[in-house]
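**Q** Take a look at work_0.txt, compact mmCIF, C-alpha atoms and all ligand atoms:
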# COMPACT_ATOMS: atom_id res chain seq x y z
CA MET D 25 -30.87 96.13 -35.38
CA THR D 26 -29.73 93.68 -38.04
CA ALA D 27 -30.70 90.00 -38.22
CA TYR D 28 -27.20 89.08 -37.07
CA GLU D 29 -27.26 91.15 -33.91
CA PRO D 30 -28.80 88.50 -31.60
CA ARG D 31 -26.23 85.88 -32.69
CA ALA D 32 -23.37 88.37 -32.27
CA ALA D 33 -24.64 89.23 -28.78
CA GLU D 34 -24.90 85.54 -27.91
CA LEU D 35 -21.35 84.89 -29.16
CA ARG D 36 -19.97 87.85 -27.21
CA GLU D 37 -21.61 86.61 -24.06
CA LEU D 38 -20.35 83.04 -24.49
CA LEU D 39 -16.82 84.14 -25.35
CA ASN D 40 -16.68 86.52 -22.41
CA ARG D 41 -17.77 83.74 -20.08
CA TYR D 42 -15.35 81.17 -21.52
CA GLY D 43 -12.55 83.74 -21.54
CA ARG D 44 -13.04 84.49 -17.88
CA GLU D 45 -13.10 80.78 -17.00
CA TYR D 46 -9.91 80.21 -18.98
CA TYR D 47 -7.82 83.30 -18.27
CA VAL D 48 -8.96 84.39 -14.82
CA LEU D 49 -10.13 81.20 -13.12
CA ASP D 50 -7.81 78.73 -14.94
CA ALA D 51 -10.83 76.44 -15.23
CA PRO D 52 -12.12 76.19 -18.84
CA THR D 53 -15.45 74.48 -19.38
CA VAL D 54 -15.18 74.02 -23.18
CA PRO D 55 -12.37 72.70 -25.40
CA ASP D 56 -10.08 75.29 -27.00
CA ALA D 57 -11.30 74.23 -30.47
CA GLU D 58 -14.86 75.16 -29.50
CA TYR D 59 -13.70 78.56 -28.20
CA ASP D 60 -11.71 79.13 -31.41
CA ARG D 61 -14.71 78.17 -33.56
CA LEU D 62 -17.03 80.65 -31.79
CA PHE D 63 -14.32 83.33 -31.85
CA ARG D 64 -13.93 82.99 -35.59
CA GLU D 65 -17.68 83.02 -36.12
CA LEU D 66 -17.89 86.33 -34.25
CA GLN D 67 -14.89 87.69 -36.13
CA ALA D 68 -16.50 86.80 -39.46
CA LEU D 69 -19.82 88.41 -38.41
CA GLU D 70 -18.04 91.58 -37.32
CA GLU D 71 -16.02 91.74 -40.52
CA ALA D 72 -19.14 91.40 -42.65
CA HIS D 73 -21.13 93.82 -40.46
CA PRO D 74 -18.70 96.30 -38.89
CA GLU D 75 -21.57 98.02 -37.06
CA LEU D 76 -21.72 94.93 -34.80
CA ALA D 77 -18.12 95.31 -33.63
CA GLY D 78 -18.18 97.27 -30.39
CA ALA D 79 -14.93 98.28 -28.72
CA ASP D 80 -15.73 95.84 -25.91
CA SER D 81 -16.02 92.80 -28.18
CA PRO D 82 -13.88 89.78 -27.15
CA THR D 83 -12.37 89.94 -30.66
CA ARG D 84 -10.74 93.28 -29.70
CA ARG D 85 -9.42 92.21 -26.35
CA VAL D 86 -6.46 90.27 -25.06
CA GLY D 87 -6.75 87.73 -22.23
CA GLY D 88 -8.65 88.52 -19.06
CA ALA D 89 -8.60 91.15 -16.34
CA PRO D 90 -5.87 90.67 -13.71
CA LEU D 91 -7.10 89.32 -10.38
CA ALA D 92 -7.44 91.96 -7.68
CA GLU D 93 -5.64 89.74 -5.15
CA PHE D 94 -2.34 90.42 -6.91
CA ASP D 95 -0.64 93.77 -7.29
CA SER D 96 -1.25 95.10 -10.77
CA VAL D 97 1.63 95.82 -13.18
CA THR D 98 1.13 98.09 -16.17
CA HIS D 99 3.15 96.74 -19.08
CA ALA D 100 5.52 99.31 -20.60
CA VAL D 101 5.00 97.48 -23.91
CA PRO D 102 1.54 95.85 -24.23
CA MET D 103 1.48 92.05 -24.18
CA LEU D 104 -0.58 91.17 -27.21
CA SER D 105 -2.24 88.08 -28.57
CA LEU D 106 -1.48 86.41 -31.90
CA SER D 107 -3.74 86.12 -34.91
CA ASN D 108 -4.53 82.53 -35.84
CA ALA D 109 -4.37 80.55 -39.05
CA PHE D 110 -5.81 77.06 -39.42
CA SER D 111 -5.15 74.39 -42.03
CA ASP D 112 -7.55 71.69 -43.11
CA MET D 113 -5.22 68.72 -43.39
CA GLN D 114 -7.98 66.63 -45.03
CA LEU D 115 -7.64 68.66 -48.23
CA ALA D 116 -5.31 67.13 -50.80
CA ASP D 117 -4.38 70.33 -52.62
CA PRO D 118 -1.68 72.17 -50.60
CA ALA D 119 -2.95 75.54 -51.86
CA GLU D 120 -6.38 74.80 -50.40
CA ARG D 121 -5.02 73.08 -47.30
CA HIS D 122 -2.90 76.05 -46.29
CA ALA D 123 -5.12 78.83 -47.70
CA GLU D 124 -4.99 80.93 -44.51
CA LEU D 125 -1.23 80.66 -44.31
CA ILE D 126 -0.94 81.76 -47.94
CA GLN D 127 -3.15 84.77 -47.15
CA PHE D 128 -0.93 85.70 -44.18
CA ASP D 129 2.23 85.58 -46.30
CA GLU D 130 0.51 87.62 -49.03
CA ARG D 131 -0.51 90.30 -46.54
CA VAL D 132 3.03 90.47 -45.16
CA ARG D 133 4.65 90.65 -48.60
CA LYS D 134 2.19 93.31 -49.72
CA GLY D 135 2.80 95.33 -46.56
CA LEU D 136 6.56 95.18 -47.11
CA ASP D 137 6.44 95.31 -50.89
CA ALA D 138 8.70 92.25 -50.93
CA ALA D 139 8.79 89.21 -53.20
CA GLU D 140 9.83 86.83 -50.43
CA VAL D 141 10.02 87.15 -46.66
CA GLU D 142 12.17 85.38 -44.11
CA TYR D 143 10.33 84.01 -41.10
CA ALA D 144 11.59 82.81 -37.73
CA THR D 145 9.59 79.78 -36.60
CA GLU D 146 8.84 78.38 -33.15
CA PRO D 147 6.48 75.98 -31.44
CA LYS D 148 3.43 77.59 -29.88
CA PHE D 149 3.89 76.58 -26.28
CA ASP D 150 0.67 75.81 -24.47
CA GLY D 151 1.33 77.59 -21.21
CA LEU D 152 0.96 81.19 -20.13
CA ALA D 153 2.87 84.28 -21.09
CA ILE D 154 5.12 85.99 -18.57
CA SER D 155 7.12 89.23 -18.64
CA LEU D 156 10.46 89.20 -16.81
CA LEU D 157 12.21 92.46 -15.99
CA TYR D 158 15.97 92.51 -15.31
CA GLU D 159 17.62 95.63 -13.97
CA ASN D 160 21.42 95.60 -14.11
CA GLY D 161 21.26 91.87 -14.67
CA VAL D 162 18.98 91.01 -11.74
CA LEU D 163 15.38 89.78 -11.97
CA THR D 164 13.35 92.50 -10.28
CA ARG D 165 9.79 91.89 -11.48
CA ALA D 166 7.67 89.26 -13.13
CA ALA D 167 4.15 89.81 -14.40
CA THR D 168 1.44 87.81 -16.16
CA ARG D 169 -0.11 89.10 -19.37
CA GLY D 170 -3.50 89.85 -17.79
CA ASP D 171 -5.54 91.86 -20.28
CA GLY D 172 -2.39 92.82 -22.17
CA VAL D 173 -2.29 96.34 -20.71
CA ALA D 174 -1.94 95.34 -17.06
CA GLY D 175 -1.04 91.99 -15.53
CA GLU D 176 -0.48 90.44 -12.13
CA GLN D 177 2.76 90.89 -10.25
CA VAL D 178 3.97 87.33 -9.55
CA THR D 179 7.67 87.97 -8.86
CA GLU D 180 7.90 85.82 -5.72
CA ASN D 181 6.29 82.87 -7.50
CA VAL D 182 8.50 83.23 -10.56
CA ARG D 183 11.63 83.25 -8.40
CA THR D 184 10.79 79.65 -7.48
CA ILE D 185 11.03 78.50 -11.12
CA ARG D 186 14.49 77.03 -11.56
CA ALA D 187 14.57 77.49 -15.33
CA ILE D 188 14.29 81.27 -14.95
CA PRO D 189 17.61 82.99 -14.23
CA LEU D 190 17.59 85.26 -11.18
CA ARG D 191 20.76 86.88 -12.52
CA LEU D 192 21.85 87.14 -16.15
CA ASP D 193 25.00 85.38 -17.37
CA GLY D 194 27.86 87.51 -18.68
CA ALA D 195 30.03 90.34 -17.46
CA ASN D 196 28.19 93.44 -18.70
CA PRO D 197 24.46 92.95 -18.30
CA PRO D 198 22.14 95.47 -19.95
CA ALA D 199 20.88 98.23 -17.66
CA LEU D 200 17.37 97.04 -18.44
CA LEU D 201 16.03 93.99 -20.20
CA GLU D 202 12.44 92.79 -20.48
CA VAL D 203 12.15 89.21 -21.65
CA ARG D 204 8.93 87.46 -22.54
CA GLY D 205 8.28 83.78 -22.68
CA GLU D 206 6.00 80.99 -21.69
CA VAL D 207 5.69 79.33 -18.29
CA LEU D 208 4.56 75.75 -18.76
CA MET D 209 4.52 72.37 -17.14
CA LEU D 210 6.29 69.47 -18.86
CA LYS D 211 4.05 66.51 -19.65
CA ARG D 212 5.89 64.25 -17.20
CA ASP D 213 5.65 66.82 -14.37
CA PHE D 214 1.96 67.26 -15.10
CA GLU D 215 1.39 63.52 -14.83
CA ARG D 216 3.34 63.37 -11.58
CA LEU D 217 1.39 66.30 -10.16
CA ASN D 218 -1.96 64.75 -11.04
CA ALA D 219 -0.88 61.41 -9.56
CA ASP D 220 0.04 63.27 -6.33
CA GLN D 221 -3.30 65.08 -6.39
CA VAL D 222 -5.13 61.75 -6.69
CA ALA D 223 -3.05 60.24 -3.88
CA ARG D 224 -3.98 63.18 -1.63
CA GLY D 225 -7.63 63.01 -2.66
CA ASP D 226 -7.34 66.45 -4.30
CA LYS D 227 -8.84 67.43 -7.62
CA THR D 228 -6.73 66.82 -10.72
CA PHE D 229 -5.91 69.44 -13.34
CA ALA D 230 -7.57 69.34 -16.76
CA ASN D 231 -4.31 69.80 -18.72
CA PRO D 232 -0.73 71.06 -18.31
CA ARG D 233 -1.70 74.60 -19.30
CA ASN D 234 -4.23 74.88 -16.50
CA ALA D 235 -1.84 73.26 -14.06
CA ALA D 236 0.85 75.80 -15.01
CA ALA D 237 -1.50 78.78 -14.79
CA GLY D 238 -3.00 77.61 -11.49
CA SER D 239 0.44 76.98 -10.04
CA LEU D 240 1.90 80.31 -11.07
CA ARG D 241 -1.05 82.38 -9.93
CA GLN D 242 -0.88 81.26 -6.32
CA LEU D 243 -1.01 83.76 -3.50
CA ASP D 244 1.33 81.50 -1.52
CA SER D 245 4.64 81.08 -3.37
CA ARG D 246 5.42 77.95 -1.31
CA ILE D 247 2.77 76.14 -3.33
CA THR D 248 4.30 77.35 -6.59
CA ALA D 249 7.69 76.16 -5.37
CA GLN D 250 6.36 72.62 -4.95
CA ARG D 251 5.12 72.51 -8.55
CA ARG D 252 7.67 71.87 -11.27
CA LEU D 253 7.24 74.70 -13.70
CA SER D 254 9.37 75.19 -16.80
CA PHE D 255 10.01 78.19 -19.00
CA PHE D 256 11.00 79.05 -22.57
CA ALA D 257 11.94 82.58 -23.65
CA TYR D 258 10.56 83.75 -27.01
CA ALA D 259 10.77 87.53 -27.17
CA ILE D 260 12.49 90.68 -25.99
CA ALA D 261 10.27 93.66 -25.22
CA GLN D 262 12.76 96.28 -23.99
CA VAL D 263 16.53 96.75 -23.91
CA GLU D 264 18.55 99.61 -22.44
CA GLY D 265 22.32 99.76 -22.26
CA ALA D 266 23.10 97.00 -24.77
CA ASP D 267 22.78 96.29 -28.47
CA TRP D 268 19.46 94.77 -29.39
CA PRO D 269 19.85 92.06 -32.06
CA ASP D 270 18.25 93.05 -35.34
CA SER D 271 16.41 89.78 -35.95
CA HIS D 272 14.20 87.41 -34.00
CA ALA D 273 16.66 84.56 -34.57
CA GLY D 274 19.44 86.83 -33.24
CA GLU D 275 17.36 87.57 -30.15
CA MET D 276 17.04 83.85 -29.44
CA VAL D 277 20.82 83.38 -29.66
CA TRP D 278 21.40 86.32 -27.31
CA LEU D 279 18.76 85.12 -24.83
CA LYS D 280 20.47 81.75 -24.71
CA GLN D 281 23.82 83.42 -24.01
CA LEU D 282 22.23 85.39 -21.19
CA GLY D 283 21.11 82.14 -19.56
CA PHE D 284 17.50 81.75 -20.70
CA PRO D 285 16.12 78.42 -21.86
CA VAL D 286 15.12 78.71 -25.50
CA VAL D 287 13.69 75.87 -27.53
CA GLU D 288 16.23 73.62 -29.26
CA GLU D 289 17.56 74.83 -32.59
CA SER D 290 15.89 72.18 -34.75
CA LEU D 291 12.50 73.54 -33.60
CA ARG D 292 13.25 77.16 -34.56
CA PRO D 293 14.63 77.28 -38.09
CA VAL D 294 14.51 80.48 -40.14
CA VAL D 295 12.60 79.67 -43.34
CA LYS D 296 11.45 81.45 -46.48
CA GLY D 297 7.97 81.79 -47.89
CA VAL D 298 4.93 79.55 -47.66
CA ALA D 299 6.85 76.45 -48.77
CA GLY D 300 9.27 76.81 -45.83
CA LEU D 301 6.47 77.53 -43.37
CA SER D 302 4.23 74.65 -44.40
CA ALA D 303 7.14 72.17 -44.37
CA TYR D 304 7.99 73.33 -40.82
CA TYR D 305 4.33 73.04 -39.75
CA GLU D 306 4.00 69.50 -41.01
CA GLY D 307 7.40 68.49 -39.58
CA VAL D 308 6.56 69.79 -36.10
CA GLN D 309 3.14 68.20 -36.21
CA ALA D 310 4.84 64.84 -36.81
CA ARG D 311 7.08 65.46 -33.76
CA ARG D 312 4.31 66.83 -31.54
CA ALA D 313 3.43 63.70 -29.56
CA GLY D 314 7.11 63.04 -28.77
CA LEU D 315 7.86 66.53 -27.44
CA PRO D 316 8.25 66.85 -23.66
CA PHE D 317 5.79 69.77 -23.53
CA GLU D 318 2.39 70.47 -25.05
CA ILE D 319 2.07 72.75 -28.03
CA ASP D 320 -1.09 73.83 -29.79
CA GLY D 321 0.52 74.96 -33.02
CA VAL D 322 3.52 76.83 -34.29
CA VAL D 323 4.30 80.55 -34.51
CA TYR D 324 5.84 82.44 -37.41
CA LYS D 325 7.46 85.83 -36.94
CA VAL D 326 8.91 88.06 -39.64
CA ASN D 327 12.58 87.65 -38.78
CA ARG D 328 14.00 91.15 -39.31
CA ARG D 329 13.00 93.64 -36.62
CA VAL D 330 12.95 96.64 -38.97
CA LEU D 331 10.38 94.78 -41.05
CA GLN D 332 8.35 93.94 -37.94
CA ASP D 333 8.32 97.63 -37.05
CA ALA D 334 7.26 98.54 -40.58
CA LEU D 335 4.28 96.18 -40.37
CA GLY D 336 3.20 97.20 -36.85
CA PHE D 337 0.06 96.03 -35.06
CA VAL D 338 -3.67 95.68 -35.41
CA SER D 339 -5.82 96.10 -32.32
CA ARG D 340 -4.87 92.92 -30.43
CA ALA D 341 -2.02 91.31 -32.36
CA PRO D 342 1.09 92.09 -34.39
CA ARG D 343 0.73 92.06 -38.19
CA TRP D 344 4.16 90.45 -38.49
CA ALA D 345 3.37 87.19 -36.68
CA ILE D 346 0.77 84.45 -36.74
CA ALA D 347 -0.05 81.33 -34.76
CA HIS D 348 -0.63 78.40 -37.08
CA LYS D 349 -2.74 76.11 -34.95
CA PHE D 350 -2.85 72.34 -35.06
CA PRO D 351 -6.18 70.56 -35.28
CA ALA D 352 -7.58 69.81 -31.83
CA GLU D 353 -5.81 66.78 -30.39
CA GLU D 354 -8.60 65.78 -28.07
CA ALA D 355 -11.72 67.34 -26.71
CA LEU D 356 -11.93 68.42 -23.11
CA THR D 357 -13.68 65.47 -21.54
CA VAL D 358 -13.41 66.03 -17.84
CA VAL D 359 -13.53 69.57 -16.64
CA GLU D 360 -12.57 70.06 -13.09
CA ALA D 361 -12.08 73.26 -11.24
CA ILE D 362 -8.67 73.73 -9.78
CA GLU D 363 -8.55 73.01 -6.10
CA GLU D 364 -6.28 75.89 -5.14
CA GLN D 365 -7.95 78.38 -7.41
CA VAL D 366 -6.73 81.87 -6.84
P1 LIG D 401 -2.94 82.71 -28.07
O1 LIG D 401 -2.65 81.73 -27.00
O2 LIG D 401 -3.66 82.19 -29.24
O3 LIG D 401 -1.61 83.42 -28.59
C1 LIG D 401 -0.84 84.34 -27.85
C2 LIG D 401 -0.07 83.65 -26.77
O4 LIG D 401 0.71 82.63 -27.35
C3 LIG D 401 0.96 84.50 -26.08
O5 LIG D 401 0.39 85.28 -25.10
C4 LIG D 401 1.88 83.45 -25.53
O6 LIG D 401 1.47 83.11 -24.22
C5 LIG D 401 1.67 82.27 -26.41
N1 LIG D 401 2.86 81.75 -27.11
C6 LIG D 401 3.24 80.44 -27.09
N2 LIG D 401 4.33 80.25 -27.81
C7 LIG D 401 4.70 81.46 -28.31
C8 LIG D 401 5.78 81.88 -29.13
N3 LIG D 401 6.70 81.04 -29.61
N4 LIG D 401 5.85 83.20 -29.44
C9 LIG D 401 4.92 84.07 -29.00
N5 LIG D 401 3.87 83.71 -28.22
C10 LIG D 401 3.76 82.43 -27.88
O7 LIG D 401 -3.62 83.92 -27.51
P2 LIG D 401 -4.80 84.14 -26.57
O8 LIG D 401 -5.56 85.22 -27.23
O9 LIG D 401 -4.41 84.27 -25.19
O10 LIG D 401 -5.55 82.78 -26.51
C11 LIG D 401 -6.46 82.36 -27.34
C12 LIG D 401 -6.44 80.86 -27.22
O11 LIG D 401 -6.69 80.44 -25.88
C13 LIG D 401 -7.57 80.37 -28.05
O12 LIG D 401 -7.09 80.06 -29.32
C14 LIG D 401 -8.08 79.20 -27.26
O13 LIG D 401 -7.49 78.04 -27.80
C15 LIG D 401 -7.62 79.43 -25.87
N6 LIG D 401 -8.78 79.79 -25.04
C16 LIG D 401 -9.58 78.80 -24.65
C17 LIG D 401 -10.71 79.07 -23.88
C18 LIG D 401 -11.58 77.96 -23.43
O14 LIG D 401 -12.61 78.23 -22.83
N7 LIG D 401 -11.23 76.73 -23.69
C19 LIG D 401 -11.01 80.41 -23.54
C20 LIG D 401 -10.17 81.41 -23.97
C21 LIG D 401 -9.05 81.10 -24.73
Represent the structure of the file as structure tokens.
Ligand code: NAD

**A**
Amino acid sequence: MTAYEPRAAELRELLNRYGREYYVLDAPTVPDAEYDRLFRELQALEEAHPELAGADSPTRRVGGAPLAEFDSVTHAVPMLSLSNAFSDMQLADPAERHAELIQFDERVRKGLDAAEVEYATEPKFDGLAISLLYENGVLTRAATRGDGVAGEQVTENVRTIRAIPLRLDGANPPALLEVRGEVLMLKRDFERLNADQVARGDKTFANPRNAAAGSLRQLDSRITAQRRLSFFAYAIAQVEGADWPDSHAGEMVWLKQLGFPVVEESLRPVVKGVAGLSAYYEGVQARRAGLPFEIDGVVYKVNRRVLQDALGFVSRAPRWAIAHKFPAEEALTVVEAIEEQV
């Protein structure tokens, strides 16, 4: 046993507990920034001392186990997490400020043996991931991410979300299409919901993310229907019977044509290199407070799909994408369990 083992064990235990509260119960008890700090501490310990990194470590896992109350859906393509990069905006030197971003771009360029790489950018929506399956143009199944391998079947609940098409636009729909995106609650709908909760003497929700997760993972879809949930598509996982666009930006254009809400164009430019990424990051950060939905950072994805495939995956995240997180906006002050917890 090394000197680090007790701390690693303590971190694993804390992260497992916080993860369950966040992913399974929709009732976090610590701010995300605290979770991220502990997660990175464990990651650093495991990197320095690989013998500490068991296969069951929270650093190897995605999300939380699906709840037994829902039918379980095994994802044909695993629903992964994203690696994170942070910037210390207090640092004056841009090279120091964005050191982790620079490292990401270096890894990507090295992996592709390329001098410069084109990235598709997007906000990192603070909601929960959903997989939507369309067969011959009709929504037939919706599932949460769960632990990435298997999620919860929430089709009835998802059918109540007006932003999600029940049938694809266009004459010749693909035989099969799996779309992924984020279910979230707009800030104004979250405020209205909490005001209603107060008026009814019910408990309020800690933040829009928890309100969205708690509303979607209801056993009674009538409750979901009363909540105003929104949706943005951000990925395609499977296509059969149609051409699959060869870039992420192309996928977004196609998804829009098929009738999916995608984020407005000015929030998803294709940029080159670290200079393009950091300018986007700082620009979105300046717009953050004015956006109608909460975001906790931005996401960069290598734009060309052949290059994504060439880079592949590590255990819990793609090598071709990264979430560049914003500094914590505010700490979690009041933590309240969700009344209608599933
Ligand atoms: P993540 O949220 O960091 O990243 C992956 C997820 O990002 C995807 O599943 C998807 O839902 C989402 N996403 C949003 N916009 C996207 C876009 N444009 N493209 C692709 N994906 C997009 O992953 P994670 O591993 O589920 O969560 C970790 C985060 O959750 C932590 O960083 C922490 O902030 C929070 N968390 C908090 C607690 C807590 O107790 N407070 C516990 C566990 C996790």

**Q** Show me as a PyMOL selection string the residues that reach within 12 Å of (19.0, 85.8, -32.3), counting all atoms listed in the file and using the file's own coordinates.

**A** chain D and resi 144-145+257-260+267-282+286+289+292-294+327-329

**Q** Generate a file of the selected residues that holds C-alpha atoms, formatted as a short mmCIF file (atom, residue, chain, number, x, y, z; two decimals), in the frame of the given file.

**A**
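Output saved as part-v1.cif:
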data_model
loop_
_atom_site.label_atom_id
_atom_site.label_comp_id
_atom_site.auth_asym_id
_atom_site.auth_seq_id
_atom_site.Cartn_x
_atom_site.Cartn_y
_atom_site.Cartn_z
CA ALA D 144 11.59 82.81 -37.73
CA THR D 145 9.59 79.78 -36.60
CA ALA D 257 11.94 82.58 -23.65
CA TYR D 258 10.56 83.75 -27.01
CA ALA D 259 10.77 87.53 -27.17
CA ILE D 260 12.49 90.68 -25.99
CA ASP D 267 22.78 96.29 -28.47
CA TRP D 268 19.46 94.77 -29.39
CA PRO D 269 19.85 92.06 -32.06
CA ASP D 270 18.25 93.05 -35.34
CA SER D 271 16.41 89.78 -35.95
CA HIS D 272 14.20 87.41 -34.00
CA ALA D 273 16.66 84.56 -34.57
CA GLY D 274 19.44 86.83 -33.24
CA GLU D 275 17.36 87.57 -30.15
CA MET D 276 17.04 83.85 -29.44
CA VAL D 277 20.82 83.38 -29.66
CA TRP D 278 21.40 86.32 -27.31
CA LEU D 279 18.76 85.12 -24.83
CA LYS D 280 20.47 81.75 -24.71
CA GLN D 281 23.82 83.42 -24.01
CA LEU D 282 22.23 85.39 -21.19
CA VAL D 286 15.12 78.71 -25.50
CA GLU D 289 17.56 74.83 -32.59
CA ARG D 292 13.25 77.16 -34.56
CA PRO D 293 14.63 77.28 -38.09
CA VAL D 294 14.51 80.48 -40.14
CA ASN D 327 12.58 87.65 -38.78
CA ARG D 328 14.00 91.15 -39.31
CA ARG D 329 13.00 93.64 -36.62
#

**Q** Nearest residue to D:Glu37 out of D:Leu291, D:Leu62, D:Val298, D:Val203, using only C-alpha atoms?

**A**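 Smallest distance to D:Glu37 is found for D:Leu62.
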
**Q** Return the single residue from D:Ile247, D:Ala89, D:Ile154, D:Ala100 that is closest to ligand LIG 401 (chain D), with distances computed using only C-alpha atoms and all ligand atoms.

**A**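 So, comparing all the options, the nearest one is D:Ile154.
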
**Q** Measuring between all atoms listed in the file, which one of D:Ala51, D:Ala116, D:Ala32, D:Leu125 shows the shortest distance to D:Pro82?

**A**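 Among the listed residues, the smallest separation from D:Pro82 belongs to D:Ala32.
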
**Q** Work out how far apart atom CA of D:Val162 and atom CA of D:Pro189 are and give it in Å to one decimal.

**A**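 Atom CA of D:Pro189 lies 8.5 Å from atom CA of D:Val162.
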
**Q** Fewer than 5 positions away in the same chain doesn't count, so skip those; otherwise give me all residues within 9 Å of stretch 206-222 of chain D, counting all atoms listed in the file, as a PyMOL selection string.

**A** chain D and resi 149-155+185+227-229+231-233+235-237+240+251-258+315-318

**Q** For D:Arg61, work out the shell of residues within 12 Å, counting only C-alpha atoms and skipping chain neighbours fewer than 3 positions away, then give it as a short mmCIF file (atom, residue, chain, number, x, y, z; two decimals) with C-alpha atoms, in the frame of the given file.

**A**
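Just written: selection.cif:
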data_model
loop_
_atom_site.label_atom_id
_atom_site.label_comp_id
_atom_site.auth_asym_id
_atom_site.auth_seq_id
_atom_site.Cartn_x
_atom_site.Cartn_y
_atom_site.Cartn_z
CA LEU D 35 -21.35 84.89 -29.16
CA LEU D 38 -20.35 83.04 -24.49
CA LEU D 39 -16.82 84.14 -25.35
CA VAL D 54 -15.18 74.02 -23.18
CA PRO D 55 -12.37 72.70 -25.40
CA ASP D 56 -10.08 75.29 -27.00
CA ALA D 57 -11.30 74.23 -30.47
CA GLU D 58 -14.86 75.16 -29.50
CA ARG D 64 -13.93 82.99 -35.59
CA GLU D 65 -17.68 83.02 -36.12
CA LEU D 66 -17.89 86.33 -34.25
CA GLN D 67 -14.89 87.69 -36.13
CA ALA D 68 -16.50 86.80 -39.46
CA ASN D 108 -4.53 82.53 -35.84
CA ALA D 109 -4.37 80.55 -39.05
CA PHE D 110 -5.81 77.06 -39.42
CA PRO D 351 -6.18 70.56 -35.28
CA ALA D 352 -7.58 69.81 -31.83
#

**Q** Have a look at D:Val338, D:Val263, D:Pro147, D:Arg246 and name the one nearest to D:Arg311; count all atoms listed in the file.

**A** D:Pro147

**Q** For a test of reading the model, state the distance in Å between atom CA of D:Tyr158 and atom CA of D:Arg183, rounded to one decimal.

**A** 12.3 Å

**Q** Which distance in Å separates atom CA of D:Leu157 and atom CA of D:Pro197, to one decimal?

**A** 12.5 Å

**Q** Which residue is closest to ligand LIG 401 (chain D)? Choose from D:Ser105, D:Ser111, D:Thr98, D:Gln332 and count all atoms listed in the file.

**A**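 Of D:Ser105, D:Ser111, D:Thr98, D:Gln332, the one nearest ligand LIG 401 (chain D), counting all atoms listed in the file, is D:Ser105.
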
**Q** Within 10 Å of (-1.6, 82.9, -7.0), in the coordinates the file gives, what residues turn up when you count all atoms listed in the file, written out as a PDB file with C-alpha atoms, in the coordinates of the input?

**A**
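Saved file part.pdb follows:
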ATOM      1  CA  LEU D  91      -7.100  89.320 -10.380  1.00  0.00           C
ATOM      2  CA  GLU D  93      -5.640  89.740  -5.150  1.00  0.00           C
ATOM      3  CA  PHE D  94      -2.340  90.420  -6.910  1.00  0.00           C
ATOM      4  CA  GLU D 176      -0.480  90.440 -12.130  1.00  0.00           C
ATOM      5  CA  GLN D 177       2.760  90.890 -10.250  1.00  0.00           C
ATOM      6  CA  VAL D 178       3.970  87.330  -9.550  1.00  0.00           C
ATOM      7  CA  ASN D 181       6.290  82.870  -7.500  1.00  0.00           C
ATOM      8  CA  ALA D 237      -1.500  78.780 -14.790  1.00  0.00           C
ATOM      9  CA  GLY D 238      -3.000  77.610 -11.490  1.00  0.00           C
ATOM     10  CA  SER D 239       0.440  76.980 -10.040  1.00  0.00           C
ATOM     11  CA  LEU D 240       1.900  80.310 -11.070  1.00  0.00           C
ATOM     12  CA  ARG D 241      -1.050  82.380  -9.930  1.00  0.00           C
ATOM     13  CA  GLN D 242      -0.880  81.260  -6.320  1.00  0.00           C
ATOM     14  CA  LEU D 243      -1.010  83.760  -3.500  1.00  0.00           C
ATOM     15  CA  ASP D 244       1.330  81.500  -1.520  1.00  0.00           C
ATOM     16  CA  SER D 245       4.640  81.080  -3.370  1.00  0.00           C
ATOM     17  CA  ILE D 247       2.770  76.140  -3.330  1.00  0.00           C
ATOM     18  CA  THR D 248       4.300  77.350  -6.590  1.00  0.00           C
ATOM     19  CA  GLU D 364      -6.280  75.890  -5.140  1.00  0.00           C
ATOM     20  CA  GLN D 365      -7.950  78.380  -7.410  1.00  0.00           C
ATOM     21  CA  VAL D 366      -6.730  81.870  -6.840  1.00  0.00           C
TER      22      VAL D 366
END

**Q** Pick from D:Tyr47, D:Phe128, D:Tyr42, D:Tyr304: nearest to D:Gly88, with all atoms listed in the file counted?

**A**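 Between D:Tyr47, D:Phe128, D:Tyr42, D:Tyr304, the residue approaching D:Gly88 most closely is D:Tyr47.
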
**Q** Write out as a ChimeraX atom specification the residues lying within 9 Å of D:Gly87, counting all atoms listed in the file and excluding same-chain residues fewer than 2 positions away.

**A** /D:43-44,46-48,82,85,89,104-105,169-172

**Q** Set the distance at 10 Å and use only C-alpha atoms: which residues neighbour D:Val308 once local chain neighbours fewer than 2 positions away are removed? I'd like the list as a PyMOL selection string.

**A** chain D and resi 146-147+290-291+302-306+310-315+319+321-322+350

**Q** Hey, what's within 10 Å of D:Leu163 if we count all atoms listed in the file and toss same-chain stuff fewer than 3 positions away? As a PyMOL selection string, please?

**A** chain D and resi 156-160+166+179+182-183+188-192+200-202
